[in-house]
Structure formats: C-alpha cells, structure tokens
Number of protein chains: 2
Amino acid sequence: MATLFHHPLCPFSRKIRLMLGEKKFSVDYVEERPWERRLDFLMLNPSGEVPVLEGESGAIAGHYPIAEWLEEKGGATPLMPSGGLERAELRRIVAWFDDKFHKEVGQLITYEKIDRRFMRKENGGGTPDIETVRVGISNLKIHMEYISYLLEQRDWLAGSQFGLADLTAAAHLSCLDYTGDIYWQDWAIAREWYARLKSRPSFRPLLADNIAGMPPATHYTNLDF
Amino acid sequence: MATLFHHPLCPFSRKIRLMLGEKKFSVDYVEERPWERRLDFLMLNPSGEVPVLEGESGAIAGHYPIAEWLEEKGGATPLMPSGGLERAELRRIVAWFDDKFHKEVGQLITYEKIDRRFMRKENGGGTPDIETVRVGISNLKIHMEYISYLLEQRDWLAGSQFGLADLTAAAHLSCLDYTGDIYWQDWAIAREWYARLKSRPSFRPLLADNIAGMPPATHYTNLDF
C-alpha cells in the first residue's frame with residue numbers, strides 16, 4: 001500500500017488527505033515533521049516539504065503533482081470539470097488558496113501559532129509574534145469577503161459542481177479553524193458552504209486531528225458550529 | 001485571436017510565452033504593469049497578477065491554469081510525459097521553480113532591481129535594498145548546484161525528454177540573466193543546458209525584450225555566452 005507523509009496542520013497535506021477520502025483511495029498515513037529535516041524524508045523530497053506520496057514504484061513529491069496525479073487516476077469522485085474554461089477556473093481558485101491565501105493569511109498565522117511552537121529556538125522556534133498574527137487575521141477578512149462574493153453567484157467555489165477548489169479552500173481554512181481564528185458568525189454564506197464540506201466523510205480524519213499540547217478550538221469538531 | 005497579458009520580466013509570463021512558442025499557438029501580446037492595478041485588468045484577474053490569457057469565450061487567469069490548459073490543448077510540441085511518475089516528476093520540478101526558486105531567489109532579486117524601480121514611492125518603489133539582493137544571490141548558488149546535480153543524471157531537468165520543467169526553470173533564470181546576476185562560467189553543465197534552450201525559436205521573443213531605462217546585461221542576447 002502507498003504511504004502519505006503529511007503533517008496534521010499543513011494545509012497542502014490536508015488537501016491531499018481530503019482528495020484521497022473523496023476518491024476512496026486507501027493509503028497508510030505517516031506524520032512527518034518537516035522542520036526536523038529527517039534524512040530519509042529529504043531523500044524522498046529534496047525540498048523537504050510535505051505532502052509526499054510514496055508507492056512501490058517511486059514517490060510523488062509535493063501537493064501539485066500529487067493532486068493532478070490523483071485526478072488523472074480517477075477514483076470515486078471526479079474533482080475537476082472535464083475540460084475547457086471551467087477546468088481553468090477551478091485551477092485559478094486552487095492557486096488562489098495555495099499561493100495567495102497561504103502567503104497572506106495561513107502562513108502568517110499557522111507558522112507563528114503552530115510551527116514555531118515545535119521548532120528549536122536556533123531554527124526560529126519561540127512564542128508567536130502577535131503583530132504577524134494580527135496582519136494575517138486582518139488579511140483573512142478580505143479572503144472571507146472574496147469567498148462570500150463567489151458563493152453569492154455559485155453553489156460551489158469554482159462553479160456549479162463540488163470539486164478540488166472547495167477542498168483546497170477548506171483545507172486552508174480548516175487549519176485556521178483549528179486555532180479558532182475564523183469568526184463564522186460574521187460570514188453566513190461561507191459558514192453554510194463550510195458546513196456542507198465539514199459533514200462529508202472525507203473531512204472526518206481532519207476533525208480527529210489533535211496535536212499534543214495544542215488541542216483544537218472548542219467548535220472545531222462540531223458539525224453545527 | 002486570443003490575447004496574453006504579460007510583463008516582460010515576470011517569470012510566470014515568460015513560461016507561458018515559451019509554451020506558446022513551442023506549441024506554435026498565435027496570440028496577441030499586451031504588456032501589463034500589474035502594480036498599476038488597472039481596473040479592466042483586475043476584472044480579468046481579481047488577484048491582479050500576470051499572465052492572463054483572454055479569448056472570445058472568456059479569460060484564463062494565472063500561470064498554473066494557463067499552462068495546464070495549453071498542455072491539454074496539445075499543439076506542436078508535447079511538453080509533459082503522457083502519464084505516470086514521470087509526469088509527476090516534471091510537475092515537481094515545475095513547482096520547485098515556481099514556488100521555491102521564486103521565493104528564495106527570483107522574487108528577492110527581480111523585485112528589488114526591476115519592480116521597485118517602476119513602482120511609486122508610496123507603493124514601495126525606490127532603490128534596491130542591497131542586503132535583500134545579496135541573500136537572493138547567495139540562495140541562487142544552491143539552486144544552480146541543484147540544477148547541475150539533476151543534469152549530471154539527466155539530459156533535461158525532469159528526465160530524458162525536453163519539456164515544461166526546462167521551460168519553467170529557463171523562464172525564471174532568464175529574468176536573472178537579464179539583470180546579469182548569473183555567473184555562467186561557474187556552472188558549465190547548466191550553461192550547456194541553458195545554451196540549448198536559448199537557441200530554440202521559442203526563446204527569441206524573450207531575447208528581444210528591452211525595458212526602457214534598464215537594458216539587459218551585455219551577454220543576455222548572445223547565444224554563445
């Protein structure tokens with residue numbers, strides 16, 4: 001059986017875990033702490049980043065090649081429109097969250113609140129920088145507005161069909177939901193969309209994540225939040 | 001005819017220009033200065049980033065959806081292996097340059113040397129920060145070593161076939177070559193690989209780029225550099 005090397009609060013790992021769940025592909029899951037720079041893991045992925053999917057014939061390193069490969073394989077749920085501009089629009093939204101949201105919001109908050117907690121002091125570990133977290137939370141509002149804007153016109157983020165855009169956005173948001181940084185009461189339409197995703201079976205393993213010494217926010221596992 | 005909105009020294013725009021050249025797809029080219037935040041352009045791409053490919057039936061925004069869409073369309077030159085782990089390995093290298101190289105090298109050097117030169121002072125414009133450029137140049141060495149390591153084992157960056165990994169890497173490197181920041185004499189094997197790319201017809205439009213007030217380094221257009 002193939003093995004997914006992932007970290008519970010890495011949004012890119014979560015995206016792949018959600019995809020594997022939707023497609024009903026079975027793999028073993030191994031938690032990797034990329035900041036420890038384990039040599040065996042660096043040999044699988046020279047960039048040292050999760051996720052990595054290792055099978056008998058070799059490894060696929062990084063969320064972008066894994067996601068496209070899984071979609072090409074098929075599985076139980078197609079997660080992209082079959083072609084044309086709708087497929088391009090889905091990939092635009094995927095990149096929005098993987099690049100822009102992560103840079104402007106997720107990285108600032110998660111890195112400060114989670115990663116630095118587990119890193120050694122000489123590698124940048126320590127208590128969160130409050131000002132960095134504040135910038136991330138301020139930027140988060142702009143992205144929640146954009147999600148709301150899209151959902152006023154569409155059932156799902158990239159159009160009329162559920163798919164990889166929704167899973168990608170939910171993967172990123174779910175990390176911030178773990179730390180209690182999303183004020184859902186301010187975002188009714190986004191909240192309804194997220195509730196639909198959260199109740200899918202593919203989401204259950206994410207809701208079971210619990211990092212030692214840093215339990216999730218109280219509403220994190222609640223389907224009626 | 002479709003229109004590509006691009007910026008001459010944006011590596012992501014260059015990647016798409018190279019792809020269009022290889023595939024022999026004809027489009028009109030319009031130079032966009034994304035930092036001016038032109039409203040018509042923001043309506044094409046809410047993230048405000050180049051490249052954007054606009055056709056009669058709609059627009060495709062961002063290098064990732066455009067690149068995958070062009071590859072799905074086919075064209076004169078296939079730029080990805082047709083499947084399996086080789087296709088995943090190619091996408092790993094593409095992400096290496098688009099994410100890691102850009103963050104650790106390209107963005108630091110090009111943003112300081114080019115973008116800030118054209119931006120208004122209130123938006124961050126000004127003279128380059130030498131320390132930031134120095135960090136970028138120091139990181140560049142690590143990436144040139146990685147390119148050399150790959151090319152010691154392979155004819156092209158992702159394997160035995162020329163493709164999108166080579167075009168992506170060359171697009172990023174060519175921006176730094178414009179500003180004269182690559183010391184090719186130190187990197188024999190990478191230089192031989194880059195010379196092969198530079199002599200391809202798809203590369204010619206890039207070599208013709210000339211930014212007003214900031215001409216390219218003297219060897220930039222030279223095929224025997």
# chains A, B, ... in the order shown; residues from 1 in each chain; ligands from 1
$ residues_around --residues "Ala88 in chain B" --least-positions-apart "6" --cutoff "12 Å" --atoms "only C-alpha atoms" --output "list in words"
Val52, Leu53, Glu54, Gly58, Ala59, Ile60, Ala61, Gly62, His63, Tyr64, Pro65, Ile66, Ala67, Glu68, Trp69, Leu70, Glu71 and Glu72 of chain A; Met80, Pro81, Ser82, Val94, Ala95, Ala158, Gly159, Leu164 and Ala165 of chain B
$ residues_around --residues "Tyr111 in chain A" --least-positions-apart "4" --cutoff "10 Å" --atoms "only C-alpha atoms" --output "number ranges by chain"
A: 9-10, 106-107, 115-117, 125, 128-129, 132-133
$ select_by_dssp --residues "range 17-178 of chain A" --states "strand (DSSP E)" --output "PyMOL selection string"
chain A and resi 28-31+52-55+58-61
$ residues_around --residues "Leu150 in chain B" --least-positions-apart "6" --cutoff "10 Å" --atoms "only C-alpha atoms" --output "list in words"
Met144, Trp156, Leu157, Ala158, Gly159, Ile189 and Ala190 of chain B
$ write_last_selection --atoms "N, CA and C atoms" --output "PDB file, in the first residue's frame"
ATOM      1  N   MET B 144      21.584  26.625  -8.389  1.00  0.00           N
ATOM      2  CA  MET B 144      22.426  26.271  -9.536  1.00  0.00           C
ATOM      3  C   MET B 144      23.098  24.923  -9.287  1.00  0.00           C
ATOM      4  N   TRP B 156      17.624  16.337 -19.647  1.00  0.00           N
ATOM      5  CA  TRP B 156      16.796  17.515 -19.377  1.00  0.00           C
ATOM      6  C   TRP B 156      16.380  17.468 -17.914  1.00  0.00           C
ATOM      7  N   LEU B 157      15.856  18.566 -17.389  1.00  0.00           N
ATOM      8  CA  LEU B 157      15.684  18.655 -15.936  1.00  0.00           C
ATOM      9  C   LEU B 157      14.786  17.578 -15.341  1.00  0.00           C
ATOM     10  N   ALA B 158      13.731  17.175 -16.070  1.00  0.00           N
ATOM     11  CA  ALA B 158      12.792  16.210 -15.485  1.00  0.00           C
ATOM     12  C   ALA B 158      13.004  14.793 -15.994  1.00  0.00           C
ATOM     13  N   GLY B 159      13.984  14.591 -16.865  1.00  0.00           N
ATOM     14  CA  GLY B 159      14.213  13.244 -17.390  1.00  0.00           C
ATOM     15  C   GLY B 159      14.856  13.279 -18.768  1.00  0.00           C
ATOM     16  N   ILE B 189      27.789  22.743 -16.724  1.00  0.00           N
ATOM     17  CA  ILE B 189      26.767  21.822 -17.206  1.00  0.00           C
ATOM     18  C   ILE B 189      25.417  22.537 -17.358  1.00  0.00           C
ATOM     19  N   ALA B 190      25.133  23.463 -16.428  1.00  0.00           N
ATOM     20  CA  ALA B 190      23.902  24.248 -16.518  1.00  0.00           C
ATOM     21  C   ALA B 190      23.975  25.204 -17.713  1.00  0.00           C
TER      22      ALA B 190
END
$ closest_residue --among "B:Leu151, B:Leu39, B:Ile142, B:Leu4" --to "chain A" --atoms "only C-alpha atoms"
B:Ile142
$ residues_around --residues "Lys15 in chain A" --least-positions-apart "2" --cutoff "6 Å" --atoms "only C-alpha atoms" --output "ChimeraX atom specification"
/A:12-13,17-18,168,171
$ closest_residue --among "A:Ile147, A:Lys198, A:Glu152, A:Ala217" --to "Ile93 in chain A" --atoms "only C-alpha atoms"
A:Ile147
$ closest_residue --among "A:Met43, A:Glu131, A:Ser199, A:Leu206" --to "Phe225 in chain A" --atoms "only C-alpha atoms"
A:Ser199
$ residues_around --residues "Lys100 in chain B" --least-positions-apart "2" --cutoff "12 Å" --atoms "only C-alpha atoms" --output "VMD selection string"
(chain A and resid 46 to 49 62 99) or (chain B and resid 92 to 98 102 to 108 136 139 to 140 142 to 143 169 172)
$ residues_around --residues "range 30-35 of chain A" --least-positions-apart "4" --cutoff "9 Å" --atoms "only C-alpha atoms" --output "ChimeraX atom specification"
/A:3-8,41-42,48-51,115,118-119,123
$ closest_residue --among "A:Lys113, A:Lys23, A:Arg196, A:Arg14" --to "Arg134 in chain A" --atoms "only C-alpha atoms"
A:Lys113
